[in-house]
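Peer 1: To be precise about what I am sending: the file is called data35.cif and holds mmCIF, C-alpha atoms.
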data_run
#
loop_
_atom_site.group_PDB
_atom_site.id
_atom_site.type_symbol
_atom_site.label_atom_id
_atom_site.label_comp_id
_atom_site.auth_asym_id
_atom_site.auth_seq_id
_atom_site.Cartn_x
_atom_site.Cartn_y
_atom_site.Cartn_z
ATOM 1 C CA LEU A 1263 28.214 -4.585 4.243
ATOM 2 C CA ALA A 1264 25.522 -6.936 5.395
ATOM 3 C CA LEU A 1265 23.885 -6.083 8.679
ATOM 4 C CA HIS A 1266 23.595 -9.145 10.894
ATOM 5 C CA VAL A 1267 20.464 -8.995 13.030
ATOM 6 C CA LEU A 1268 20.430 -11.099 16.177
ATOM 7 C CA LEU A 1269 17.230 -12.127 17.910
ATOM 8 C CA LEU A 1270 16.788 -11.082 21.522
ATOM 9 C CA LEU A 1271 14.681 -13.768 23.207
ATOM 10 C CA SER A 1272 14.760 -12.896 26.892
ATOM 11 C CA LEU A 1273 12.522 -9.805 27.036
ATOM 12 C CA PRO A 1274 8.871 -10.158 28.126
ATOM 13 C CA ALA A 1275 6.278 -8.811 25.702
ATOM 14 C CA LEU A 1276 4.334 -5.907 27.180
ATOM 15 C CA ALA A 1277 1.481 -4.462 25.171
ATOM 16 C CA LYS A 1278 0.114 -0.923 25.092
ATOM 17 C CA LYS A 1279 -2.003 -0.070 28.128
ATOM 18 C CA PRO A 1280 -4.973 2.338 28.069
ATOM 19 C CA SER A 1281 -4.718 3.311 31.776
ATOM 20 C CA ASP A 1282 -2.215 3.117 34.630
ATOM 21 C CA SER A 1283 -4.197 0.491 36.574
ATOM 22 C CA HIS A 1284 -4.507 -1.646 33.454
ATOM 23 C CA ASN A 1285 -0.780 -1.186 32.883
ATOM 24 C CA ILE A 1286 0.073 -2.668 36.257
ATOM 25 C CA GLY A 1287 -2.293 -5.630 35.909
ATOM 26 C CA SER A 1288 -1.073 -6.537 32.424
ATOM 27 C CA ALA A 1289 2.558 -6.282 33.504
ATOM 28 C CA GLU A 1290 1.951 -8.584 36.455
ATOM 29 C CA LYS A 1291 0.326 -11.155 34.175
ATOM 30 C CA ALA A 1292 3.463 -11.056 32.056
ATOM 31 C CA GLY A 1293 5.535 -11.792 35.161
ATOM 32 C CA VAL A 1294 6.917 -8.257 35.403
ATOM 33 C CA SER A 1295 6.302 -6.026 38.445
ATOM 34 C CA ARG A 1296 5.514 -2.322 38.228
ATOM 35 C CA THR A 1297 9.039 -1.473 39.389
ATOM 36 C CA GLN A 1298 10.528 -3.416 36.473
ATOM 37 C CA VAL A 1299 8.877 -1.385 33.720
ATOM 38 C CA LYS A 1300 9.018 2.138 32.361
ATOM 39 C CA TYR A 1301 6.432 3.904 30.239
ATOM 40 C CA LEU A 1302 6.760 5.617 26.887
ATOM 41 C CA ASN A 1303 3.999 8.021 25.872
ATOM 42 C CA PHE A 1304 3.087 8.256 22.197
ATOM 43 C CA PRO A 1305 0.152 9.948 20.420
ATOM 44 C CA GLU A 1306 -3.246 8.232 20.543
ATOM 45 C CA ARG A 1307 -2.663 6.998 17.027
ATOM 46 C CA SER A 1308 -0.128 4.461 15.870
ATOM 47 C CA VAL A 1309 3.161 6.119 14.872
ATOM 48 C CA GLY A 1310 5.021 2.823 14.318
ATOM 49 C CA PHE A 1311 6.224 0.079 16.630
ATOM 50 C CA VAL A 1312 8.625 -0.098 19.558
ATOM 51 C CA GLN A 1313 11.538 -2.544 19.643
ATOM 52 C CA ALA A 1314 14.149 -3.482 22.261
ATOM 53 C CA TYR A 1315 17.753 -3.571 21.070
ATOM 54 C CA THR A 1316 21.002 -5.185 22.172
ATOM 55 C CA PHE A 1317 24.378 -4.052 20.871
ATOM 56 C CA ALA A 1318 27.554 -6.072 20.337
ATOM 57 C CA PRO A 1319 30.358 -4.354 22.302
ATOM 58 C CA ASP A 1320 33.090 -4.693 19.662
ATOM 59 C CA SER A 1321 31.175 -4.126 16.434
ATOM 60 C CA PHE A 1322 28.180 -2.271 15.015
ATOM 61 C CA ASP A 1323 25.949 -5.364 15.010
ATOM 62 C CA PHE A 1324 22.717 -5.200 16.983
ATOM 63 C CA GLY A 1325 19.724 -7.399 17.742
ATOM 64 C CA ALA A 1326 16.083 -6.339 17.874
ATOM 65 C CA THR A 1327 12.880 -7.688 19.418
ATOM 66 C CA ARG A 1328 9.505 -6.120 18.725
ATOM 67 C CA ILE A 1329 7.679 -5.095 21.920
ATOM 68 C CA ALA A 1330 4.496 -3.193 21.083
ATOM 69 C CA ASN A 1331 2.604 -0.874 18.783
ATOM 70 C CA ALA A 1332 3.662 2.750 19.379
ATOM 71 C CA CYS A 1333 0.263 4.132 20.319
ATOM 72 C CA GLY A 1334 -0.722 5.742 23.612
ATOM 73 C CA THR A 1335 1.181 4.600 26.715
ATOM 74 C CA VAL A 1336 3.524 1.655 26.166
ATOM 75 C CA ALA A 1337 5.127 -0.349 28.990
ATOM 76 C CA VAL A 1338 8.633 -1.663 28.312
ATOM 77 C CA PRO A 1339 11.233 -3.412 30.523
ATOM 78 C CA ARG A 1340 12.989 -0.750 32.596
ATOM 79 C CA THR A 1341 16.482 -1.787 31.488
ATOM 80 C CA ALA A 1342 15.623 -2.148 27.792
ATOM 81 C CA GLU A 1343 17.278 0.069 25.185
ATOM 82 C CA CYS A 1344 14.312 0.963 23.017
ATOM 83 C CA GLY A 1345 13.898 2.148 19.476
ATOM 84 C CA LEU A 1346 11.075 3.190 17.163
ATOM 85 C CA VAL A 1347 10.320 2.060 13.624
ATOM 86 C CA VAL A 1348 8.193 4.931 12.298
ATOM 87 C CA ASN A 1349 5.197 4.266 10.055
ATOM 88 C CA TYR A 1350 3.557 6.547 7.482
ATOM 89 C CA ASP A 1351 1.300 8.325 9.995
ATOM 90 C CA GLY A 1352 4.194 8.916 12.374
ATOM 91 C CA ALA A 1353 6.338 10.385 9.616
ATOM 92 C CA GLN A 1354 3.732 13.045 8.829
ATOM 93 C CA ASP A 1355 4.541 14.836 12.086
ATOM 94 C CA LEU A 1356 7.603 13.875 14.140
ATOM 95 C CA SER A 1357 6.973 16.484 16.835
ATOM 96 C CA PHE A 1358 5.833 13.730 19.218
ATOM 97 C CA LEU A 1359 9.528 12.850 19.605
ATOM 98 C CA ASN A 1360 10.011 16.132 21.468
ATOM 99 C CA LYS A 1361 7.728 14.858 24.244
ATOM 100 C CA LEU A 1362 9.786 11.741 24.939
ATOM 101 C CA PRO A 1363 12.515 11.814 27.611
ATOM 102 C CA PRO A 1364 16.007 12.434 26.140
ATOM 103 C CA GLY A 1365 17.132 8.847 26.701
ATOM 104 C CA ALA A 1366 13.866 7.162 25.698
ATOM 105 C CA LEU A 1367 15.034 5.988 22.263
ATOM 106 C CA VAL A 1368 18.400 4.684 21.109
ATOM 107 C CA VAL A 1369 17.262 3.688 17.600
ATOM 108 C CA LEU A 1370 15.104 5.564 15.086
ATOM 109 C CA GLN A 1371 14.229 3.995 11.744
ATOM 110 C CA CYS A 1372 12.286 6.269 9.431
ATOM 111 C CA ASN A 1373 12.943 5.341 5.820
ATOM 112 C CA GLU A 1374 11.268 6.298 2.528
ATOM 113 C CA PHE A 1375 9.147 9.168 3.835
ATOM 114 C CA GLU A 1376 9.055 12.865 2.871
ATOM 115 C CA ILE A 1377 10.816 14.118 5.993
ATOM 116 C CA SER A 1378 12.122 17.676 5.725
ATOM 117 C CA ASP A 1379 14.955 19.475 7.521
ATOM 118 C CA GLU A 1380 12.369 21.230 9.703
ATOM 119 C CA GLN A 1381 10.786 17.959 10.833
ATOM 120 C CA PHE A 1382 14.227 16.567 11.627
ATOM 121 C CA LEU A 1383 14.541 19.157 14.418
ATOM 122 C CA ALA A 1384 12.546 16.712 16.542
ATOM 123 C CA ILE A 1385 15.661 14.594 17.184
ATOM 124 C CA ASN A 1386 17.547 17.493 18.776
ATOM 125 C CA HIS A 1387 17.065 16.348 22.372
ATOM 126 C CA LEU A 1388 17.546 12.591 21.729
ATOM 127 C CA GLU A 1389 21.238 12.677 22.565
ATOM 128 C CA LYS A 1390 21.344 8.977 23.546
ATOM 129 C CA MET A 1391 20.532 7.891 19.982
ATOM 130 C CA LYS A 1392 22.834 5.081 18.779
ATOM 131 C CA VAL A 1393 21.341 4.131 15.403
ATOM 132 C CA LEU A 1394 19.644 6.409 12.870
ATOM 133 C CA GLU A 1395 18.231 5.074 9.603
ATOM 134 C CA LEU A 1396 16.781 7.852 7.441
ATOM 135 C CA SER A 1397 17.211 6.700 3.846
ATOM 136 C CA SER A 1398 15.165 8.090 0.954
ATOM 137 C CA THR A 1399 14.040 11.187 2.838
ATOM 138 C CA ASP A 1400 14.222 14.886 1.958
ATOM 139 C CA ILE A 1401 16.794 15.703 4.633
ATOM 140 C CA GLY A 1402 19.551 17.979 3.365
ATOM 141 C CA ASN A 1403 22.605 19.708 4.831
ATOM 142 C CA ARG A 1404 20.603 21.946 7.164
ATOM 143 C CA GLY A 1405 18.819 19.008 8.712
ATOM 144 C CA PHE A 1406 22.020 16.980 8.860
ATOM 145 C CA GLU A 1407 23.492 19.590 11.227
ATOM 146 C CA HIS A 1408 21.073 18.440 13.934
ATOM 147 C CA LEU A 1409 23.097 15.238 14.219
ATOM 148 C CA LYS A 1410 25.669 17.189 16.244
ATOM 149 C CA THR A 1411 23.539 16.583 19.336
ATOM 150 C CA CYS A 1412 23.616 12.787 18.873
ATOM 151 C CA SER A 1413 26.880 12.331 20.742
ATOM 152 C CA SER A 1414 26.324 8.567 21.273
ATOM 153 C CA LEU A 1415 25.672 7.708 17.619
ATOM 154 C CA VAL A 1416 27.140 4.356 16.531
ATOM 155 C CA GLU A 1417 25.521 3.856 13.122
ATOM 156 C CA LEU A 1418 24.112 6.309 10.578
ATOM 157 C CA VAL A 1419 22.342 5.192 7.394
ATOM 158 C CA MET A 1420 21.177 7.981 5.063
ATOM 159 C CA ASN A 1421 21.057 6.641 1.512
ATOM 160 C CA SER A 1422 19.438 8.713 -1.234
ATOM 161 C CA CYS A 1423 18.950 11.918 0.743
ATOM 162 C CA LEU A 1424 19.756 15.518 -0.223
ATOM 163 C CA ILE A 1425 23.093 15.887 1.547
ATOM 164 C CA THR A 1426 26.264 17.222 -0.082
ATOM 165 C CA GLY A 1427 29.920 17.283 0.924
ATOM 166 C CA PRO A 1428 29.833 19.994 3.647
ATOM 167 C CA ALA A 1429 27.209 18.013 5.598
ATOM 168 C CA LEU A 1430 29.722 15.423 6.791
ATOM 169 C CA ALA A 1431 31.483 18.094 8.853
ATOM 170 C CA SER A 1432 28.617 17.727 11.348
ATOM 171 C CA LEU A 1433 29.951 14.273 12.216
ATOM 172 C CA LYS A 1434 33.525 15.277 13.067
ATOM 173 C CA ASP A 1435 32.958 15.345 16.843
ATOM 174 C CA ILE A 1436 30.831 12.178 17.049
ATOM 175 C CA THR A 1437 33.715 9.927 18.042
ATOM 176 C CA THR A 1438 31.396 7.005 18.872
ATOM 177 C CA LEU A 1439 30.457 6.509 15.209
ATOM 178 C CA LYS A 1440 31.382 3.051 13.902
ATOM 179 C CA ARG A 1441 29.408 2.675 10.668
ATOM 180 C CA LEU A 1442 28.396 5.255 8.072
ATOM 181 C CA VAL A 1443 26.278 4.416 5.013
ATOM 182 C CA VAL A 1444 25.493 7.321 2.680
ATOM 183 C CA ASP A 1445 25.002 5.803 -0.782
ATOM 184 C CA HIS A 1446 23.512 7.859 -3.622
ATOM 185 C CA ASN A 1447 24.330 11.304 -2.229
ATOM 186 C CA ASP A 1448 26.239 14.199 -3.804
ATOM 187 C CA LEU A 1449 29.533 13.482 -2.005
ATOM 188 C CA ASP A 1450 33.064 13.667 -3.403
ATOM 189 C CA ASP A 1451 36.662 13.044 -2.278
ATOM 190 C CA ALA A 1452 36.843 16.345 -0.395
ATOM 191 C CA SER A 1453 33.791 15.346 1.632
ATOM 192 C CA LEU A 1454 35.757 12.615 3.404
ATOM 193 C CA ALA A 1455 38.203 14.989 5.091
ATOM 194 C CA SER A 1456 35.768 15.512 7.969
ATOM 195 C CA LEU A 1457 35.888 11.796 8.797
ATOM 196 C CA LYS A 1458 39.622 11.542 9.396
ATOM 197 C CA GLY A 1459 39.367 12.165 13.131
ATOM 198 C CA LEU A 1460 36.749 9.466 13.740
ATOM 199 C CA LYS A 1461 39.063 6.808 15.184
ATOM 200 C CA ASN A 1462 36.250 4.333 15.957
ATOM 201 C CA LEU A 1463 34.821 4.373 12.429
ATOM 202 C CA LEU A 1464 35.013 0.770 11.174
ATOM 203 C CA ALA A 1465 32.997 0.912 7.955
ATOM 204 C CA VAL A 1466 32.044 3.585 5.432
ATOM 205 C CA ARG A 1467 29.896 2.911 2.372
ATOM 206 C CA LEU A 1468 29.518 5.509 -0.372
ATOM 207 C CA GLN A 1469 28.152 3.674 -3.377
ATOM 208 C CA ALA A 1470 27.053 5.807 -6.334
ATOM 209 C CA CYS A 1471 28.803 8.889 -4.963
ATOM 210 C CA LYS A 1472 31.534 10.939 -6.684
ATOM 211 C CA ILE A 1473 34.423 9.254 -4.867
ATOM 212 C CA GLY A 1474 37.598 8.685 -6.864
ATOM 213 C CA ASP A 1475 40.957 7.052 -6.126
ATOM 214 C CA ALA A 1476 41.982 10.008 -3.972
ATOM 215 C CA GLY A 1477 39.069 9.323 -1.624
#
Using the file provided, produce a representation of the structure as C-alpha coordinates.
Peer 2:
Amino acid sequence: LALHVLLLLSLPALAKKPSDSHNIGSAEKAGVSRTQVKYLNFPERSVGFVQAYTFAPDSFDFGATRIANACGTVAVPRTAECGLVVNYDGAQDLSFLNKLPPGALVVLQCNEFEISDEQFLAINHLEKMKVLELSSTDIGNRGFEHLKTCSSLVELVMNSCLITGPALASLKDITTLKRLVVDHNDLDDASLASLKGLKNLLAVRLQACKIGDAG
(Lines of atoms letter the chains of each structure in order from A and count residues from 1; the text may use other names and numbers.)
(Lines give C-alpha, C1' and ligand atoms only; values in the text may rest on other atoms or scores of the structure.)
Protein backbone atom coordinates (compact mmCIF):
# COMPACT_ATOMS: atom_id res chain seq x y z
CA LEU A 1 0.00 0.00 0.00
CA ALA A 2 1.31 3.40 -0.91
CA LEU A 3 1.86 5.78 1.96
CA HIS A 4 0.45 9.21 1.18
CA VAL A 5 2.54 11.94 2.79
CA LEU A 6 0.85 15.28 3.34
CA LEU A 7 2.79 18.49 3.81
CA LEU A 8 2.23 20.42 7.02
CA LEU A 9 2.73 24.11 6.20
CA SER A 10 1.62 25.95 9.32
CA LEU A 11 4.47 25.20 11.75
CA PRO A 12 7.23 27.79 12.30
CA ALA A 13 10.78 26.57 11.72
CA LEU A 14 12.84 26.66 14.91
CA ALA A 15 16.51 25.77 14.69
CA LYS A 16 18.79 24.21 17.29
CA LYS A 17 19.86 26.64 20.00
CA PRO A 18 23.23 26.49 21.81
CA SER A 19 21.99 28.21 25.01
CA ASP A 20 18.70 29.06 26.73
CA SER A 21 19.02 32.82 26.13
CA HIS A 22 19.76 32.21 22.46
CA ASN A 23 16.78 29.86 22.34
CA ILE A 24 14.41 32.58 23.49
CA GLY A 25 15.77 35.22 21.11
CA SER A 26 15.64 32.93 18.07
CA ALA A 27 12.10 31.83 18.91
CA GLU A 28 10.94 35.43 19.20
CA LYS A 29 12.43 36.23 15.80
CA ALA A 30 10.41 33.36 14.38
CA GLY A 31 7.26 34.89 15.88
CA VAL A 32 6.98 32.28 18.63
CA SER A 33 7.12 33.20 22.34
CA ARG A 34 8.98 31.18 24.96
CA THR A 35 5.68 29.82 26.29
CA GLN A 36 4.81 28.41 22.86
CA VAL A 37 7.83 26.13 22.55
CA LYS A 38 9.21 23.05 24.25
CA TYR A 39 12.77 21.77 24.19
CA LEU A 40 14.15 18.40 23.20
CA ASN A 41 17.67 17.54 24.36
CA PHE A 42 19.83 15.41 22.09
CA PRO A 43 23.56 14.56 22.21
CA GLU A 44 26.04 17.23 21.09
CA ARG A 45 26.39 15.41 17.80
CA SER A 46 23.80 15.03 15.09
CA VAL A 47 21.71 11.88 15.58
CA GLY A 48 19.28 12.66 12.73
CA PHE A 49 16.60 15.29 12.22
CA VAL A 50 13.39 16.21 14.01
CA GLN A 51 10.05 16.42 12.19
CA ALA A 52 6.54 17.51 13.20
CA TYR A 53 3.72 15.15 12.26
CA THR A 54 -0.03 15.36 11.74
CA PHE A 55 -2.25 12.29 11.63
CA ALA A 56 -5.48 11.72 9.71
CA PRO A 57 -8.16 10.69 12.25
CA ASP A 58 -9.77 7.92 10.17
CA SER A 59 -6.77 6.34 8.46
CA PHE A 60 -3.06 5.66 8.95
CA ASP A 61 -1.98 8.54 6.70
CA PHE A 62 0.26 11.20 8.21
CA GLY A 63 2.01 14.39 7.15
CA ALA A 64 5.52 15.49 8.10
CA THR A 65 7.43 18.78 8.20
CA ARG A 66 11.14 18.91 8.97
CA ILE A 67 11.94 21.21 11.91
CA ALA A 68 15.63 20.96 12.82
CA ASN A 69 18.79 18.92 13.04
CA ALA A 70 18.70 16.64 16.10
CA CYS A 71 21.80 17.96 17.83
CA GLY A 72 21.99 19.59 21.25
CA THR A 73 18.88 21.44 22.45
CA VAL A 74 16.13 21.80 19.85
CA ALA A 75 13.13 24.12 20.23
CA VAL A 76 9.86 22.88 18.72
CA PRO A 77 6.26 24.20 18.86
CA ARG A 78 4.75 23.14 22.19
CA THR A 79 1.73 21.46 20.60
CA ALA A 80 3.68 19.65 17.87
CA GLU A 81 3.77 15.85 17.73
CA CYS A 82 7.43 15.24 17.00
CA GLY A 83 9.38 12.40 15.51
CA LEU A 84 13.00 11.55 14.79
CA VAL A 85 14.59 10.26 11.59
CA VAL A 86 17.78 8.63 12.87
CA ASN A 87 21.04 8.93 10.94
CA TYR A 88 24.06 6.61 10.93
CA ASP A 89 25.71 8.21 13.98
CA GLY A 90 22.48 8.09 15.96
CA ALA A 91 21.96 4.42 15.15
CA GLN A 92 25.34 3.48 16.65
CA ASP A 93 24.00 4.16 20.15
CA LEU A 94 20.27 4.69 20.75
CA SER A 95 20.65 5.16 24.50
CA PHE A 96 20.03 8.90 24.09
CA LEU A 97 16.35 8.01 23.62
CA ASN A 98 16.23 7.02 27.29
CA LYS A 99 16.91 10.64 28.26
CA LEU A 100 13.93 12.05 26.37
CA PRO A 101 10.59 12.50 28.16
CA PRO A 102 8.17 9.58 27.56
CA GLY A 103 5.93 11.60 25.26
CA ALA A 104 8.69 13.45 23.40
CA LEU A 105 8.51 11.39 20.20
CA VAL A 106 5.54 9.89 18.39
CA VAL A 107 7.49 8.71 15.32
CA LEU A 108 10.84 6.92 15.07
CA GLN A 109 12.33 6.08 11.68
CA CYS A 110 15.53 4.08 11.85
CA ASN A 111 15.94 1.98 8.73
CA GLU A 112 18.86 0.01 7.26
CA PHE A 113 21.13 0.10 10.31
CA GLU A 114 22.63 -2.72 12.41
CA ILE A 115 20.34 -2.24 15.39
CA SER A 116 20.31 -5.16 17.82
CA ASP A 117 17.68 -6.37 20.30
CA GLU A 118 19.73 -4.83 23.12
CA GLN A 119 19.79 -1.39 21.49
CA PHE A 120 16.04 -1.60 20.92
CA LEU A 121 15.54 -1.48 24.71
CA ALA A 122 15.86 2.29 24.36
CA ILE A 123 12.25 2.58 23.16
CA ASN A 124 10.86 1.01 26.34
CA HIS A 125 9.69 4.27 27.91
CA LEU A 126 8.39 5.90 24.68
CA GLU A 127 4.84 4.71 25.23
CA LYS A 128 3.32 7.54 23.15
CA MET A 129 4.97 6.24 19.97
CA LYS A 130 2.52 6.11 17.03
CA VAL A 131 4.76 5.15 14.09
CA LEU A 132 7.82 2.89 14.11
CA GLU A 133 9.83 2.21 10.96
CA LEU A 134 12.69 -0.22 11.60
CA SER A 135 13.23 -2.07 8.32
CA SER A 136 16.47 -3.87 7.46
CA THR A 137 17.71 -4.00 11.04
CA ASP A 138 18.94 -6.90 13.18
CA ILE A 139 15.95 -6.81 15.53
CA GLY A 140 14.61 -10.27 16.31
CA ASN A 141 11.88 -11.75 18.51
CA ARG A 142 13.50 -10.67 21.78
CA GLY A 143 13.69 -7.07 20.68
CA PHE A 144 10.20 -7.20 19.21
CA GLU A 145 8.82 -7.90 22.70
CA HIS A 146 9.69 -4.34 23.71
CA LEU A 147 6.85 -3.14 21.49
CA LYS A 148 4.42 -4.16 24.24
CA THR A 149 5.06 -0.81 25.91
CA CYS A 150 4.05 1.15 22.79
CA SER A 151 0.35 1.16 23.64
CA SER A 152 -0.44 4.04 21.21
CA LEU A 153 1.17 2.47 18.14
CA VAL A 154 -0.73 3.11 14.89
CA GLU A 155 1.75 1.93 12.27
CA LEU A 156 4.62 -0.58 12.41
CA VAL A 157 6.98 -1.18 9.48
CA MET A 158 9.65 -3.86 10.01
CA ASN A 159 10.60 -5.31 6.63
CA SER A 160 13.61 -7.62 6.36
CA CYS A 161 14.29 -8.05 10.07
CA LEU A 162 14.96 -11.22 12.08
CA ILE A 163 11.48 -11.81 13.47
CA THR A 164 9.62 -15.12 13.30
CA GLY A 165 6.03 -16.17 13.94
CA PRO A 166 5.94 -15.99 17.78
CA ALA A 167 7.02 -12.32 17.68
CA LEU A 168 3.61 -11.12 16.51
CA ALA A 169 2.10 -12.19 19.83
CA SER A 170 3.67 -9.03 21.29
CA LEU A 171 1.17 -6.98 19.29
CA LYS A 172 -2.02 -8.66 20.53
CA ASP A 173 -2.81 -5.97 23.13
CA ILE A 174 -1.92 -2.96 20.96
CA THR A 175 -5.49 -2.26 19.90
CA THR A 176 -4.57 1.11 18.34
CA LEU A 177 -2.59 -0.56 15.53
CA LYS A 178 -3.97 0.25 12.08
CA ARG A 179 -1.19 -0.73 9.67
CA LEU A 180 1.37 -3.53 9.86
CA VAL A 181 4.08 -4.06 7.23
CA VAL A 182 6.45 -6.98 7.83
CA ASP A 183 7.65 -8.10 4.39
CA HIS A 184 10.57 -10.52 4.04
CA ASN A 185 10.36 -12.07 7.51
CA ASP A 186 10.06 -15.72 8.56
CA LEU A 187 6.29 -15.61 9.17
CA ASP A 188 3.69 -18.24 8.29
CA ASP A 189 -0.09 -18.77 8.51
CA ALA A 190 0.05 -19.61 12.22
CA SER A 191 1.77 -16.30 12.90
CA LEU A 192 -1.40 -14.38 12.03
CA ALA A 193 -3.47 -15.83 14.87
CA SER A 194 -2.16 -13.16 17.24
CA LEU A 195 -3.64 -10.42 15.04
CA LYS A 196 -7.25 -11.58 15.17
CA GLY A 197 -8.15 -9.40 18.15
CA LEU A 198 -6.82 -6.17 16.61
CA LYS A 199 -10.16 -4.68 15.56
CA ASN A 200 -8.65 -1.39 14.30
CA LEU A 201 -6.13 -3.07 12.00
CA LEU A 202 -6.91 -1.80 8.48
CA ALA A 203 -3.95 -3.08 6.47
CA VAL A 204 -1.44 -5.91 6.77
CA ARG A 205 1.35 -6.52 4.26
CA LEU A 206 3.40 -9.71 4.36
CA GLN A 207 5.13 -9.95 1.01
CA ALA A 208 7.77 -12.67 0.63
CA CYS A 209 6.63 -14.43 3.79
CA LYS A 210 5.40 -18.04 4.10
CA ILE A 211 1.70 -17.15 4.01
CA GLY A 212 -0.59 -19.55 2.18
CA ASP A 213 -4.32 -19.61 1.40
CA ALA A 214 -5.12 -20.46 5.02
CA GLY A 215 -3.55 -17.19 6.14
Peer 1: Pull out every residue that the PyMOL selection byres ((chain A and resi 1408) around 9) matches in the shown coordinates and put them as an MDAnalysis selection string.
Peer 2: chainID A and resid 1379 1382:1383 1385:1386 1404:1407 1409:1412 1432
Peer 1: When you count only C-alpha atoms, which of these residues is closest to A:Ile1425: A:Ser1378, A:Asn1462, A:Glu1389, A:Val1368?
Peer 2: A:Ser1378
Peer 1: Show which residues sit within 12 Å of A:Met1391, as a ChimeraX atom specification. Count only C-alpha atoms, and ignore same-chain residues fewer than 6 positions away.
Peer 2: /A:1315,1343-1346,1363-1371,1385,1409-1418,1436,1438-1439
Peer 1: Between atom CA of A:Cys1333 and atom CA of A:Gly1310, what is the spacing in Å?
Peer 2: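 Atom-to-atom, atom CA of A:Gly1310 and atom CA of A:Cys1333 are spaced 7.8 Å apart.
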Peer 1: Suppose you want the space between atom CA of A:Asp1448 and atom CA of A:Thr1426; what is it in Å?
Peer 2: 4.8 Å
Peer 1: When the PyMOL selection byres ((chain A and resi 1457-1461) around 10) is applied to the file above, which residues end up in the set, as a PyMOL selection string?
Peer 2: chain A and resi 1430-1440+1442+1453-1456+1462-1464+1466
Peer 1: For the file shown, report as a ChimeraX atom specification the outcome of the PyMOL selection byres ((chain A and resi 1373) around 7) at residue level.
Peer 2: /A:1371-1372,1374-1375,1395-1399
Peer 1: If you keep C-alpha atoms, can you produce a file of those selected residues as a PDB file, keeping the file's coordinate frame?
Peer 2:
ATOM      1  CA  GLN A1371      14.229   3.995  11.744  1.00  0.00           C
ATOM      2  CA  CYS A1372      12.286   6.269   9.431  1.00  0.00           C
ATOM      3  CA  GLU A1374      11.268   6.298   2.528  1.00  0.00           C
ATOM      4  CA  PHE A1375       9.147   9.168   3.835  1.00  0.00           C
ATOM      5  CA  GLU A1395      18.231   5.074   9.603  1.00  0.00           C
ATOM      6  CA  LEU A1396      16.781   7.852   7.441  1.00  0.00           C
ATOM      7  CA  SER A1397      17.211   6.700   3.846  1.00  0.00           C
ATOM      8  CA  SER A1398      15.165   8.090   0.954  1.00  0.00           C
ATOM      9  CA  THR A1399      14.040  11.187   2.838  1.00  0.00           C
TER      10      THR A1399
END
Peer 1: To one decimal place, how far is atom CA of A:Arg1307 from atom CA of A:Glu1376 in Å?
Peer 2: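 Separation of atom CA of A:Arg1307 and atom CA of A:Glu1376: 19.3 Å.
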Peer 1: Check the smallest atom-to-atom distance from each of A:Ser1357, A:Asp1323, A:Asn1447, A:Ala1342 to A:Ala1465 using all atoms listed in the file, then report the winner.
Peer 2: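 Distance minimum relative to A:Ala1465 lands on A:Asp1323.
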Peer 1: Excluding same-chain residues fewer than 5 positions from A:Phe1358, what lies within 9 Å of it counting all atoms listed in the file, as a PyMOL selection string?
Peer 2: chain A and resi 1303-1305+1352+1384
Peer 1: Residues within 12 Å of A:Leu1449, please, as a VMD selection string. Count all atoms listed in the file; anything in the same chain fewer than 6 positions from it doesn't count.
Peer 2: chain A and resid 1403 1421 to 1431 1443 1455 to 1456 1467 to 1474 1477
Peer 1: Could you work out an axis-aligned bounding box for all listed atoms of stretch 1406-1421 of chain A, with 5 Å added on each of the six sides, and give its centre and edge lengths in Å to one decimal, as JSON?
Peer 2:
{"center_x": 24.1, "center_y": 11.7, "center_z": 11.4, "size_x": 16.1, "size_y": 25.7, "size_z": 29.8}
Peer 1: Which is closer to A:Leu1302 than all the others in A:Ala1332, A:Ala1452, A:Val1419, A:Val1348, using only C-alpha atoms?
Peer 2: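 For A:Leu1302, the nearest of the given residues is A:Ala1332.
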